[in-house]
file structure.cif (mmCIF, C-alpha atoms)
data_coords
#
loop_
_atom_site.label_atom_id
_atom_site.label_comp_id
_atom_site.auth_asym_id
_atom_site.auth_seq_id
_atom_site.Cartn_x
_atom_site.Cartn_y
_atom_site.Cartn_z
CA MET A 1420 122.49 41.25 310.55
CA VAL A 1421 121.26 44.59 311.94
CA SER A 1422 118.65 46.49 309.93
CA THR A 1423 116.31 49.42 310.51
CA HIS A 1424 112.52 49.50 310.61
CA GLN A 1425 110.56 52.74 310.99
CA GLU A 1426 113.73 54.50 312.18
CA LYS A 1427 114.36 51.91 314.90
CA GLN A 1428 117.20 49.40 314.91
CA VAL A 1429 116.13 45.77 314.57
CA VAL A 1430 118.52 43.60 316.55
CA GLU A 1431 116.56 40.32 316.34
CA ASP A 1432 114.26 39.32 313.50
CA LEU A 1433 112.16 36.56 314.99
CA SER A 1434 109.58 36.39 312.23
CA PRO A 1435 106.85 35.15 312.08
CA PHE A 1436 106.54 36.08 315.75
CA PHE A 1437 108.05 39.52 316.38
CA LEU A 1438 110.86 41.99 315.74
CA LEU A 1439 113.09 43.05 318.64
CA TYR A 1440 114.50 46.59 318.56
CA GLY A 1441 117.64 47.97 320.12
CA ASP A 1442 115.64 49.97 322.66
CA GLY A 1443 114.15 46.75 324.06
CA THR A 1444 110.70 47.13 322.46
CA ILE A 1445 109.13 44.72 319.97
CA SER A 1446 106.68 44.76 317.10
CA ARG A 1447 104.29 41.86 317.50
CA PHE A 1448 102.74 40.29 314.42
CA GLY A 1449 99.08 39.31 314.12
CA GLU A 1450 97.70 41.02 317.22
CA ASP A 1451 95.04 43.23 315.69
CA LEU A 1452 91.91 41.22 316.49
CA VAL A 1453 90.56 41.40 320.04
CA SER A 1454 87.09 40.71 321.40
CA PRO A 1455 85.39 42.37 324.38
CA PRO A 1456 83.75 40.29 327.11
CA SER A 1457 80.11 39.70 326.24
CA PHE A 1458 77.08 37.43 326.29
CA ASP A 1459 77.17 34.91 323.44
CA PRO A 1460 73.58 34.12 322.38
CA VAL A 1461 74.68 31.02 320.45
CA THR A 1462 76.31 29.20 323.39
CA GLY A 1463 74.68 31.04 326.28
CA VAL A 1464 78.13 31.79 327.74
CA THR A 1465 78.71 35.11 329.51
CA SER A 1466 82.21 36.55 329.94
CA LYS A 1467 83.66 39.40 331.97
CA ASP A 1468 87.07 40.87 332.75
CA ILE A 1469 88.29 41.23 336.32
CA ILE A 1470 91.46 42.57 337.94
CA VAL A 1471 93.32 39.83 339.78
CA SER A 1472 95.95 42.06 341.38
CA SER A 1473 95.62 45.80 341.87
CA ASP A 1474 99.39 45.94 342.51
CA THR A 1475 100.39 44.55 339.10
CA GLY A 1476 97.25 45.17 337.05
CA VAL A 1477 97.12 41.50 336.07
CA SER A 1478 93.63 40.56 334.94
CA ALA A 1479 91.63 37.53 333.88
CA ARG A 1480 88.66 36.91 331.62
CA LEU A 1481 85.99 34.78 333.30
CA TYR A 1482 83.47 32.64 331.42
CA LEU A 1483 80.21 31.36 332.88
CA PRO A 1484 78.05 28.89 330.93
CA LYS A 1485 74.27 28.78 330.99
CA LEU A 1486 73.36 27.37 334.40
CA SER A 1487 70.70 24.73 334.98
CA SER A 1488 70.01 26.19 338.44
CA PRO A 1489 71.40 28.94 340.73
CA GLN A 1490 73.01 26.22 342.88
CA THR A 1491 74.94 24.60 340.01
CA LYS A 1492 78.60 23.81 340.81
CA LEU A 1493 80.94 23.20 337.88
CA PRO A 1494 84.62 22.34 337.27
CA LEU A 1495 87.07 25.24 337.17
CA PHE A 1496 89.19 25.48 334.00
CA ILE A 1497 92.18 27.82 334.46
CA PHE A 1498 93.67 28.61 331.06
CA PHE A 1499 96.97 30.22 330.03
CA HIS A 1500 97.14 31.50 326.44
CA GLY A 1501 100.10 30.85 324.17
CA GLY A 1502 102.11 33.08 321.88
CA ALA A 1503 105.82 32.55 322.67
CA PHE A 1504 105.16 34.18 326.08
CA CYS A 1505 105.12 37.63 324.47
CA MET A 1506 102.22 37.61 322.00
CA TRP A 1507 98.43 37.68 322.16
CA ARG A 1508 96.17 38.25 325.15
CA ALA A 1509 93.25 36.62 326.89
CA SER A 1510 91.12 39.05 324.85
CA SER A 1511 92.57 37.98 321.49
CA THR A 1512 89.67 36.91 319.30
CA GLY A 1513 90.98 33.41 318.61
CA TYR A 1514 91.39 32.66 322.30
CA HIS A 1515 88.11 34.33 323.27
CA GLN A 1516 86.21 32.21 320.75
CA TYR A 1517 87.99 29.02 321.76
CA ILE A 1518 87.43 29.42 325.51
CA ASN A 1519 83.85 30.51 324.90
CA SER A 1520 83.23 27.27 322.97
CA LEU A 1521 85.07 25.12 325.48
CA THR A 1522 83.14 26.65 328.39
CA SER A 1523 79.89 25.71 326.70
CA GLN A 1524 80.87 22.23 325.54
CA ALA A 1525 82.72 21.16 328.69
CA ASN A 1526 80.23 22.92 330.99
CA VAL A 1527 82.91 24.58 333.11
CA VAL A 1528 83.62 27.94 334.66
CA ALA A 1529 86.73 29.18 332.84
CA VAL A 1530 89.37 31.69 333.93
CA SER A 1531 91.69 32.86 331.14
CA ILE A 1532 94.76 34.58 332.61
CA ASP A 1533 96.12 37.79 331.08
CA TYR A 1534 99.68 37.70 332.40
CA ARG A 1535 102.18 40.48 331.70
CA ARG A 1536 104.39 39.80 328.70
CA PRO A 1537 108.07 40.12 327.75
CA PRO A 1538 110.13 42.00 326.79
CA GLU A 1539 108.38 44.83 328.64
CA HIS A 1540 108.08 42.45 331.59
CA PRO A 1541 110.76 39.74 331.18
CA LEU A 1542 110.24 36.24 332.47
CA PRO A 1543 109.79 35.01 335.14
CA THR A 1544 107.11 37.74 335.46
CA ALA A 1545 104.51 35.76 333.48
CA TYR A 1546 105.06 32.75 335.75
CA ASP A 1547 104.73 34.91 338.87
CA ASP A 1548 101.57 36.57 337.52
CA SER A 1549 100.08 33.21 336.61
CA TRP A 1550 100.76 31.73 340.03
CA ASP A 1551 99.19 34.78 341.69
CA ALA A 1552 96.15 34.28 339.43
CA VAL A 1553 95.91 30.58 340.32
CA LYS A 1554 96.01 31.42 344.04
CA TRP A 1555 93.43 34.17 343.49
CA ALA A 1556 91.07 31.75 341.76
CA LEU A 1557 91.52 29.10 344.43
CA SER A 1558 90.91 31.69 347.16
CA HIS A 1559 87.22 31.41 346.27
CA ALA A 1560 87.02 27.94 347.78
CA GLU A 1561 85.06 27.87 351.03
CA GLY A 1562 86.81 29.92 353.69
CA GLY A 1563 89.34 31.38 351.27
CA GLY A 1564 88.01 34.92 351.23
CA GLY A 1565 87.63 35.35 347.45
CA SER A 1566 85.00 37.89 346.42
CA ASP A 1567 83.94 37.01 342.88
CA ALA A 1568 80.41 35.58 342.93
CA TRP A 1569 80.84 33.44 339.80
CA LEU A 1570 83.71 31.54 341.38
CA SER A 1571 82.35 31.45 344.93
CA ASN A 1572 78.87 30.31 343.92
CA HIS A 1573 79.39 28.11 340.88
CA VAL A 1574 82.74 26.29 341.15
CA ASP A 1575 83.32 22.82 342.53
CA PHE A 1576 86.84 23.17 343.89
CA GLU A 1577 87.27 19.41 343.92
CA ARG A 1578 87.47 19.65 340.12
CA VAL A 1579 90.12 22.22 339.22
CA TYR A 1580 92.02 21.98 335.92
CA LEU A 1581 95.07 23.83 334.60
CA ALA A 1582 95.41 24.14 330.83
CA GLY A 1583 97.18 26.05 328.10
CA ASP A 1584 98.46 25.93 324.56
CA SER A 1585 102.07 26.37 323.40
CA ALA A 1586 103.79 28.79 325.84
CA GLY A 1587 100.59 28.68 327.89
CA ALA A 1588 100.98 24.90 328.22
CA ASN A 1589 104.52 25.53 329.45
CA ILE A 1590 103.08 27.88 332.08
CA ALA A 1591 100.42 25.32 333.04
CA HIS A 1592 103.13 22.69 333.62
CA ASN A 1593 105.12 25.06 335.81
CA MET A 1594 101.99 25.96 337.78
CA ALA A 1595 101.33 22.25 338.38
CA MET A 1596 104.87 21.90 339.70
CA HIS A 1597 104.19 24.81 342.09
CA ALA A 1598 100.88 23.22 343.07
CA ARG A 1599 102.67 20.45 344.95
CA GLY A 1600 102.66 22.81 347.93
CA LEU A 1601 98.95 23.68 347.94
CA GLY A 1602 97.97 21.08 350.53
CA GLU A 1603 95.43 18.30 350.45
CA ASP A 1604 92.40 20.61 350.49
CA LEU A 1605 93.30 22.35 347.22
CA LYS A 1606 94.57 19.66 344.89
CA ILE A 1607 94.55 20.19 341.13
CA GLU A 1608 92.45 17.44 339.55
CA GLY A 1609 93.97 17.60 336.07
CA MET A 1610 96.12 19.38 333.52
CA VAL A 1611 95.71 19.76 329.75
CA LEU A 1612 98.84 20.59 327.74
CA MET A 1613 98.05 21.46 324.11
CA HIS A 1614 101.12 21.56 321.85
CA PRO A 1615 103.42 22.58 324.73
CA TYR A 1616 106.36 24.89 324.09
CA PHE A 1617 109.27 23.05 325.67
CA TRP A 1618 112.85 23.24 324.42
CA GLY A 1619 116.40 22.09 325.14
CA THR A 1620 119.96 22.22 323.93
CA ASP A 1621 119.61 18.94 322.09
CA VAL A 1622 117.82 18.78 318.73
CA THR A 1623 114.85 16.47 318.27
CA LYS A 1624 113.97 14.73 315.03
CA SER A 1625 110.99 17.01 314.40
CA GLU A 1626 113.11 20.12 315.00
CA ALA A 1627 115.75 18.89 312.55
CA GLU A 1628 113.08 18.82 309.83
CA ASP A 1629 112.87 22.64 309.83
CA PRO A 1630 116.17 24.07 311.10
CA SER A 1631 115.24 27.65 310.13
CA LEU A 1632 112.08 27.73 312.25
CA ALA A 1633 113.83 25.76 315.00
CA SER A 1634 116.54 28.43 315.11
CA VAL A 1635 113.93 31.16 315.61
CA ILE A 1636 112.12 29.25 318.35
CA GLY A 1637 115.38 28.47 320.10
CA ARG A 1638 116.37 32.16 320.12
CA ILE A 1639 113.04 33.33 321.52
CA TRP A 1640 113.77 31.98 324.99
CA LYS A 1641 116.82 34.23 325.44
CA VAL A 1642 114.75 37.26 324.41
CA VAL A 1643 111.81 36.58 326.70
CA HIS A 1644 113.98 35.41 329.64
CA PRO A 1645 117.34 37.22 329.32
CA THR A 1646 118.54 36.13 332.78
CA SER A 1647 117.83 32.43 332.16
CA VAL A 1648 120.62 29.88 332.41
CA GLY A 1649 119.82 28.82 328.83
CA ASN A 1650 117.71 26.38 326.85
CA ASP A 1651 118.08 23.66 329.49
CA ASP A 1652 116.56 25.93 332.14
CA PRO A 1653 113.97 23.77 333.97
CA LEU A 1654 111.33 26.36 333.11
CA ILE A 1655 111.66 25.63 329.37
CA ASN A 1656 113.09 22.09 329.53
CA PRO A 1657 111.12 20.14 332.17
CA ILE A 1658 113.05 16.94 331.48
CA GLY A 1659 116.52 18.50 331.24
CA PRO A 1660 119.61 17.61 333.27
CA ASN A 1661 118.81 20.15 336.00
CA SER A 1662 115.04 19.69 336.11
CA PRO A 1663 113.20 18.24 339.11
CA SER A 1664 111.49 14.89 338.68
CA LEU A 1665 108.01 14.99 337.21
CA SER A 1666 106.97 12.38 339.78
CA GLY A 1667 105.96 15.15 342.17
CA ILE A 1668 103.75 17.10 339.77
CA GLY A 1669 100.77 18.51 341.64
CA CYS A 1670 97.79 17.05 339.81
CA ARG A 1671 95.98 13.73 339.51
CA ARG A 1672 95.54 13.42 335.74
CA VAL A 1673 97.37 14.79 332.67
CA LEU A 1674 96.36 15.03 329.00
CA VAL A 1675 99.21 15.89 326.61
CA CYS A 1676 98.12 16.88 323.08
CA VAL A 1677 100.50 17.06 320.12
CA ALA A 1678 100.06 17.67 316.39
CA GLY A 1679 101.59 15.47 313.71
CA LYS A 1680 103.12 18.33 311.72
CA ASP A 1681 104.14 20.50 314.69
CA LEU A 1682 107.84 21.25 315.11
CA LEU A 1683 107.31 20.86 318.88
CA ARG A 1684 105.62 17.45 318.71
CA ASP A 1685 108.66 15.47 319.86
CA ARG A 1686 108.98 17.69 322.94
CA GLY A 1687 105.40 16.90 323.89
CA ARG A 1688 105.93 13.17 323.35
CA ARG A 1689 109.11 13.22 325.42
CA TYR A 1690 107.30 15.01 328.22
CA TYR A 1691 104.56 12.36 328.23
CA GLU A 1692 107.14 9.55 328.23
CA ALA A 1693 109.16 11.18 331.02
CA LEU A 1694 106.02 11.70 333.11
CA THR A 1695 104.80 8.12 332.75
CA GLY A 1696 108.31 6.81 333.42
CA SER A 1697 108.98 9.02 336.44
CA GLY A 1698 107.21 6.94 339.05
CA TRP A 1699 104.20 9.27 339.03
CA ASP A 1700 101.42 6.74 339.52
CA ARG A 1701 98.42 8.72 338.31
CA GLU A 1702 96.64 8.86 334.94
CA ALA A 1703 98.30 10.27 331.80
CA GLU A 1704 97.17 10.25 328.17
CA LEU A 1705 98.78 11.31 324.89
CA TRP A 1706 96.46 12.64 322.15
CA VAL A 1707 97.89 12.99 318.63
CA SER A 1708 96.21 15.08 315.91
CA GLU A 1709 97.79 13.57 312.80
CA GLY A 1710 98.39 15.80 309.79
CA GLU A 1711 97.92 19.05 311.74
CA GLY A 1712 100.21 21.94 312.62
CA HIS A 1713 100.89 23.93 315.76
CA CYS A 1714 97.70 25.14 317.50
CA PHE A 1715 95.61 24.44 314.40
CA PHE A 1716 92.44 24.47 316.50
CA LEU A 1717 92.74 28.23 316.98
CA MET A 1718 92.80 28.81 313.22
CA ASP A 1719 89.72 26.75 312.35
CA GLY A 1720 87.59 25.41 315.14
CA THR A 1721 85.17 23.81 312.67
CA SER A 1722 87.59 21.26 311.15
CA GLU A 1723 87.16 17.59 312.01
CA SER A 1724 90.52 17.52 313.80
CA SER A 1725 89.54 20.57 315.86
CA LYS A 1726 86.22 18.98 316.78
CA ASP A 1727 87.98 15.74 317.75
CA LEU A 1728 90.47 17.58 319.93
CA MET A 1729 87.71 19.63 321.58
CA ALA A 1730 85.77 16.44 322.28
CA ARG A 1731 88.83 14.85 323.89
CA VAL A 1732 89.56 17.89 326.06
CA THR A 1733 85.95 18.30 327.15
CA GLY A 1734 85.70 14.56 327.84
CA PHE A 1735 88.83 14.71 329.97
CA VAL A 1736 87.49 17.65 331.98
CA GLY A 1737 83.97 16.33 332.18
CA ARG A 1738 84.85 12.96 333.71
#
call {"tool": "encode", "arguments": {"input": "structure.cif", "output": "structure tokens"}}
result
Amino acid sequence: MVSTHQEKQVVEDLSPFFLLYGDGTISRFGEDLVSPPSFDPVTGVTSKDIIVSSDTGVSARLYLPKLSSPQTKLPLFIFFHGGAFCMWRASSTGYHQYINSLTSQANVVAVSIDYRRPPEHPLPTAYDDSWDAVKWALSHAEGGGGSDAWLSNHVDFERVYLAGDSAGANIAHNMAMHARGLGEDLKIEGMVLMHPYFWGTDVTKSEAEDPSLASVIGRIWKVVHPTSVGNDDPLINPIGPNSPSLSGIGCRRVLVCVAGKDLLRDRGRRYYEALTGSGWDREAELWVSEGEGHCFFLMDGTSESSKDLMARVTGFVGR
């Protein structure tokens, strides 16, 4: 049904995420709170924003924990935020607080990517931006020519991690698939997928429990990637009929996190099962937060479930 909102025609009501108008623009819900980069006196973490590409304007927010010495070398945690590909930013307060806490607790240098978003920049733009950002970060390894002092001076490039939540976890997976071509000198050590946004033409048991929300989520993909072949596109369905084998994924270890009340939980479980059954002979783990919903840890980082999840992620990275 077509309706009007503020004199503009609404052609897709994808609440609680966004409204799509006939002119191709959207109204995003819940995007009011943003935080500037800063020094956090509680954790000792300092953050700053930096332009990754002057051609596209893509930027990243970097986080540096309190260092024990000027020579300290730490793991690199490259993070992709969620939000159905088209919502929120690296500067969104929930993400800023989460990465600030994770940087302190895991003792990592973090890079949170601010990719361009649909529908203003339809997919695959966010994937392309994210891959450019990964290559930019890795260019700071010895001899790579990168110019940011935090990355050049304080990152151990033998310990690089890709991570994300929801749509950001989807991006992290696709970056790990790209990473197969990086070469032996720039291997990704691990990947953390938190409540990944994967989809498909089939309906899982968890999706059948809430057909209304499942319908909205299923329609989002066509809006954010209008030229996609559909919901079995390998970008959104990594274990679909046309998807490459996960056996060649470009990292050594994988942590898949799902939530017991999340509509997407079966997709995450299937991904874990497909990965471990693919012939990939590295280390994989499935972490389940029972009784919790999608990305609950961004809503309340002080809950016991949030603390448990943070401990598991930081333990995975800190090994």
call {"tool": "atom_distance", "arguments": {"input": "structure.cif", "atom1": "atom CA of A:Arg1480", "atom2": "atom CA of A:His1515"}}
result
8.8 Å
call {"tool": "atom_distance", "arguments": {"input": "structure.cif", "atom1": "atom CA of A:Arg1578", "atom2": "atom CA of A:Gly1609"}}
result
7.9 Å
call {"tool": "resolve_selection", "arguments": {"input": "structure.cif", "expression": "the PyMOL selection byres ((chain A and resi 1490) around 12)", "output": "list in words"}}
result
Leu1486, Ser1487, Ser1488, Pro1489, Thr1491, Lys1492, Leu1493, Ala1568, Trp1569, Ser1571, Asn1572, His1573, Val1574 and Asp1575 of chain A
call {"tool": "closest_residue", "arguments": {"input": "structure.cif", "among": "A:Gly1687, A:Gly1696, A:Pro1543, A:Gly1564", "to": "A:Leu1654", "atoms": "only C-alpha atoms"}}
result
A:Pro1543
call {"tool": "closest_atom_pairs", "arguments": {"input": "structure.cif", "of": "stretch 1633-1656 of chain A", "to": "stretch 1429-1440 of chain A", "cutoff": "8 Å", "atoms": "all atoms listed in the file", "output": "CSV"}}
result
residue,atom,partner,partner_atom,distance
A:Val1635,CA,A:Leu1433,CA,5.7
A:Arg1638,CA,A:Leu1433,CA,8.0
A:Ile1639,CA,A:Leu1433,CA,7.3
call {"tool": "atom_distance", "arguments": {"input": "structure.cif", "atom1": "atom CA of A:Cys1714", "atom2": "atom CA of A:Pro1645"}}
result
25.9 Å
call {"tool": "residues_around", "arguments": {"input": "structure.cif", "residues": "A:Ala1627", "least_positions_apart": "4", "cutoff": "12 Å", "atoms": "all atoms listed in the file", "output": "MDAnalysis selection string"}}
result
chainID A and resid 1621:1623 1631:1634 1681:1685
call {"tool": "axis_aligned_box", "arguments": {"input": "structure.cif", "around": "stretch 1722-1728 of chain A", "padding_each_side": "3 Å", "output": "lines of an AutoDock Vina configuration file"}}
result
center_x = 88.4
center_y = 18.5
center_z = 315.5
size_x = 10.3
size_y = 11.5
size_z = 14.8
call {"tool": "resolve_selection", "arguments": {"input": "structure.cif", "expression": "the PyMOL selection byres ((chain A and resi 1518-1533) around 7)", "output": "compact mmCIF listing (two decimals) with C-alpha atoms, keeping the file's coordinate frame"}}
result
# COMPACT_ATOMS: atom_id res chain seq x y z
CA THR A 1462 76.31 29.20 323.39
CA VAL A 1464 78.13 31.79 327.74
CA VAL A 1477 97.12 41.50 336.07
CA SER A 1478 93.63 40.56 334.94
CA ALA A 1479 91.63 37.53 333.88
CA ARG A 1480 88.66 36.91 331.62
CA LEU A 1481 85.99 34.78 333.30
CA TYR A 1482 83.47 32.64 331.42
CA LEU A 1483 80.21 31.36 332.88
CA PRO A 1484 78.05 28.89 330.93
CA LEU A 1493 80.94 23.20 337.88
CA PRO A 1494 84.62 22.34 337.27
CA LEU A 1495 87.07 25.24 337.17
CA PHE A 1496 89.19 25.48 334.00
CA ILE A 1497 92.18 27.82 334.46
CA PHE A 1498 93.67 28.61 331.06
CA PHE A 1499 96.97 30.22 330.03
CA ARG A 1508 96.17 38.25 325.15
CA ALA A 1509 93.25 36.62 326.89
CA TYR A 1514 91.39 32.66 322.30
CA HIS A 1515 88.11 34.33 323.27
CA GLN A 1516 86.21 32.21 320.75
CA TYR A 1517 87.99 29.02 321.76
CA TYR A 1534 99.68 37.70 332.40
CA ARG A 1535 102.18 40.48 331.70
CA SER A 1549 100.08 33.21 336.61
CA ALA A 1552 96.15 34.28 339.43
CA VAL A 1574 82.74 26.29 341.15
CA THR A 1733 85.95 18.30 327.15
CA VAL A 1736 87.49 17.65 331.98
CA GLY A 1737 83.97 16.33 332.18
call {"tool": "closest_residue", "arguments": {"input": "structure.cif", "among": "A:Phe1715, A:Trp1618, A:Trp1555, A:Phe1504", "to": "A:Pro1538", "atoms": "all atoms listed in the file"}}
result
A:Phe1504
call {"tool": "closest_residue", "arguments": {"input": "structure.cif", "among": "A:Thr1646, A:Ser1625, A:Thr1475, A:Ser1446", "to": "A:Gln1428", "atoms": "all atoms listed in the file"}}
result
A:Ser1446
call {"tool": "resolve_selection", "arguments": {"input": "structure.cif", "expression": "the PyMOL selection byres ((chain A and resi 1722-1724) around 10)", "output": "list in words"}}
result
Ala1678, Val1707, Ser1708, Glu1709, Gly1710, Glu1711, Phe1715, Phe1716, Met1718, Asp1719, Gly1720, Thr1721, Ser1725, Lys1726, Asp1727, Leu1728, Met1729 and Ala1730 of chain A
call {"tool": "write_last_selection", "arguments": {"input": "structure.cif", "atoms": "C-alpha atoms", "output": "short mmCIF file (atom, residue, chain, number, x, y, z; two decimals), in the frame of the given file"}}
result
data_model
loop_
_atom_site.label_atom_id
_atom_site.label_comp_id
_atom_site.auth_asym_id
_atom_site.auth_seq_id
_atom_site.Cartn_x
_atom_site.Cartn_y
_atom_site.Cartn_z
CA ALA A 1678 100.06 17.67 316.39
CA VAL A 1707 97.89 12.99 318.63
CA SER A 1708 96.21 15.08 315.91
CA GLU A 1709 97.79 13.57 312.80
CA GLY A 1710 98.39 15.80 309.79
CA GLU A 1711 97.92 19.05 311.74
CA PHE A 1715 95.61 24.44 314.40
CA PHE A 1716 92.44 24.47 316.50
CA MET A 1718 92.80 28.81 313.22
CA ASP A 1719 89.72 26.75 312.35
CA GLY A 1720 87.59 25.41 315.14
CA THR A 1721 85.17 23.81 312.67
CA SER A 1725 89.54 20.57 315.86
CA LYS A 1726 86.22 18.98 316.78
CA ASP A 1727 87.98 15.74 317.75
CA LEU A 1728 90.47 17.58 319.93
CA MET A 1729 87.71 19.63 321.58
CA ALA A 1730 85.77 16.44 322.28
#
call {"tool": "residues_around", "arguments": {"input": "structure.cif", "residues": "A:Gly1502", "least_positions_apart": "4", "cutoff": "9 Å", "atoms": "all atoms listed in the file", "output": "NGL selection string"}}
result
:A and (1436 or 1506-1508 or 1584-1587)
call {"tool": "closest_residue", "arguments": {"input": "structure.cif", "among": "A:Ile1607, A:Val1553, A:Leu1674, A:Met1613", "to": "A:Glu1577", "atoms": "all atoms listed in the file"}}
result
A:Ile1607
call {"tool": "closest_residue", "arguments": {"input": "structure.cif", "among": "A:Leu1612, A:Lys1606, A:Gly1565, A:Tyr1546", "to": "A:Ile1590", "atoms": "all atoms listed in the file"}}
result
A:Tyr1546
call {"tool": "closest_residue", "arguments": {"input": "structure.cif", "among": "A:Gly1476, A:Gly1679, A:Gly1513, A:Pro1615", "to": "A:Asp1451", "atoms": "only C-alpha atoms"}}
result
A:Gly1513
